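Engineer: Handing you this structure, nothing more for now.
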Amino acid sequence: MGLKRFIAFEPGETAAGARSDGVVFVRDGFSFWAFLFTVLWLWRYRLWLEGLATLLVLVAISLWGEASGHPFAASLLQLLVGLLVALEGPSLRAWRYRRKGWRESAAFLASDRAEAELTYFSTAGRPADPASATAPSWPAPGPMSRRRGTSTRSAGFFGAMEQR
């Protein structure tokens with residue numbers, strides 16, 4: 001079983017300054033259920049407008065397929081809409097939490113949600129109260145010392161582009 005990326009969202013500060021205990025974990029990746037039940041999946045996660053827009057698009061594609069005599073093309077387009085929601089649905093959920101003022105507190109790999117919760121809540125050094133959190137004391141940035149014979153080129157696409 002492979003590892004999946006999870007994003008943990010914590011609610012923002014309340015009006016009284018007290019912190020809520022609710023943490024939401026969003027698995028960032030393909031959602032099989034979003035592919036099968038596209039509109040219902042969106043509504044299950046309270047993405048009302050996105051679900052309504054998707055429903056209208058699916059109905060419009062279906063009507064176009066019947067009117068134009070291309071039912072296979074319409075079915076293929078509906079599958080592509082389902083695939084798009086399955087791939088981008090978790091991103092829509094994360095965007096919804098960010099829009100509502102929740103803050104992204106962690107992103108990590110885990111095999112399932114239970115392991116994600118264990119990893120998140122057992123991480124050493126995670127403050128229980130934001131008031132007790134202190135910023136790490138990093139040294140001030142200064143001039144970088146360079147040793148003779150070291151290269152500053154990086155690997156990957158951008159490193160390859162520098163060599164051209």
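Convention: chains lettered A, B, ... in structure tokens order; per-chain residue numbering from 1; ligands numbered from 1 as shown.
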I'd like the contact shell of Ala107 of chain A - 9 Å cut-off, only C-alpha atoms, skipping same-chain residues fewer than 6 positions apart - returned as a list in words.

Structural biologist: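 The residues satisfying every condition are Arg5, Phe6, Ile7 and Ala8 of chain A.
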
Engineer: Using C-alpha atoms, can you write the selected residues to a file as a CSV table (one decimal), in the first residue's frame?

Structural biologist:
chain,number,residue,atom,x,y,z
A,5,ARG,CA,-0.3,13.1,1.0
A,6,PHE,CA,-2.5,14.5,3.8
A,7,ILE,CA,-3.0,18.1,4.7
A,8,ALA,CA,-4.1,19.0,8.2

Engineer: Any idea what the distance is between atom CA of Ala110 of chain A and atom CA of Gly82 of chain A?

Structural biologist: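 One can read the atom CA of Ala110 of chain A to atom CA of Gly82 of chain A distance as 25.6 Å.
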
Engineer: Mind giving me the straight-line distance from atom CA of Leu84 of chain A to atom CA of Glu117 of chain A in Å, one decimal?

Structural biologist: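 Those two atoms sit 27.6 Å apart.
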
Engineer: What is the atom CA of Val24 of chain A to atom CA of Glu50 of chain A distance in Å?

Structural biologist: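 Between atom CA of Val24 of chain A and atom CA of Glu50 of chain A the gap is 20.1 Å.
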
Engineer: For Phe37 of chain A, find every residue with an atom within 10 Å (counting only C-alpha atoms), except residues of its own chain fewer than 3 positions away, and show them as a VMD selection string.

Structural biologist: chain A and resid 32 to 34 40 to 42 82 85 to 86

Engineer: Within 8 Å of Gly101 of chain A, counting only C-alpha atoms, which residues qualify if same-chain residues fewer than 2 places away don't, as a ChimeraX atom specification?

Structural biologist: /A:11-12,97-99,103

Engineer: Using only C-alpha atoms, which residue out of A:Leu80, A:Ala74, A:Val39, A:Val23 lies closest to Phe121 of chain A?

Structural biologist: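 Ranked by minimum distance to Phe121 of chain A, first place goes to A:Val23.
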
Engineer: For Leu92 of chain A, which residue among A:Gly69, A:Ala106, A:Leu47, A:Ala116 is the nearest when counting only C-alpha atoms?

Structural biologist: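 Checking each candidate against Leu92 of chain A, we get A:Leu47 as the closest.
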
Engineer: Which of these residues is nearest to Ser75 of chain A, using only C-alpha atoms: A:Leu49, A:Ala114, A:Leu56, A:Leu63?

Structural biologist: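 Among A:Leu49, A:Ala114, A:Leu56, A:Leu63, it is A:Leu63 that comes nearest to Ser75 of chain A.
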
Engineer: List every residue of segment 12-79 of chain A that DSSP, applied to the backbone of this structure, places in strand (DSSP E or B), and write the result as an MDAnalysis selection string.

Structural biologist: chainID A and resid 24:28

Engineer: For the selection you just gave me, I'd like the residues written to a file as a tab-separated table (two decimals), in the first residue's frame, keeping N, CA and C atoms.

Structural biologist:
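For reference, again.tsv as written:
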chain	number	residue	atom	x	y	z
A	24	VAL	N	-9.11	18.94	10.63
A	24	VAL	CA	-9.64	18.24	9.46
A	24	VAL	C	-8.46	17.78	8.62
A	25	PHE	N	-8.51	16.53	8.18
A	25	PHE	CA	-7.47	15.96	7.33
A	25	PHE	C	-8.03	15.80	5.92
A	26	VAL	N	-7.35	16.37	4.94
A	26	VAL	CA	-7.75	16.26	3.54
A	26	VAL	C	-6.68	15.46	2.82
A	27	ARG	N	-7.11	14.33	2.23
A	27	ARG	CA	-6.17	13.52	1.45
A	27	ARG	C	-6.04	14.14	0.08
A	28	ASP	N	-4.85	14.48	-0.28
A	28	ASP	CA	-4.59	15.16	-1.54
A	28	ASP	C	-4.22	14.12	-2.59

Engineer: A:Leu79, A:Ala94, A:Leu58, A:Ala67: which is nearest Phe9 of chain A, counting only C-alpha atoms?

Structural biologist: A:Ala94

Engineer: Which residue is closest to Lys4 of chain A? Choose from A:Thr123, A:Ser62, A:Ser31, A:Thr38 and count only C-alpha atoms.

Structural biologist: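 Ranked by minimum distance to Lys4 of chain A, first place goes to A:Ser31.
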
Engineer: Skip Ile61 of chain A itself and residues of its chain fewer than 6 positions away, then list as a PyMOL selection string all residues within 10 Å of it, counting only C-alpha atoms.

Structural biologist: chain A and resi 55+67+71+73-78+81

Engineer: So that I have them on file, write out the residues from the current selection with C-alpha atoms, as a tab-separated table (two decimals), in the first residue's frame.

Structural biologist:
chain	number	residue	atom	x	y	z
A	55	LEU	CA	-24.60	19.12	-12.32
A	67	ALA	CA	-29.67	16.71	-29.69
A	71	PRO	CA	-24.28	9.91	-27.31
A	73	ALA	CA	-19.07	11.65	-27.23
A	74	ALA	CA	-21.43	12.95	-24.53
A	75	SER	CA	-20.72	9.93	-22.33
A	76	LEU	CA	-16.99	10.38	-22.83
A	77	LEU	CA	-17.22	14.07	-21.88
A	78	GLN	CA	-19.19	13.17	-18.75
A	81	VAL	CA	-15.82	15.77	-16.02
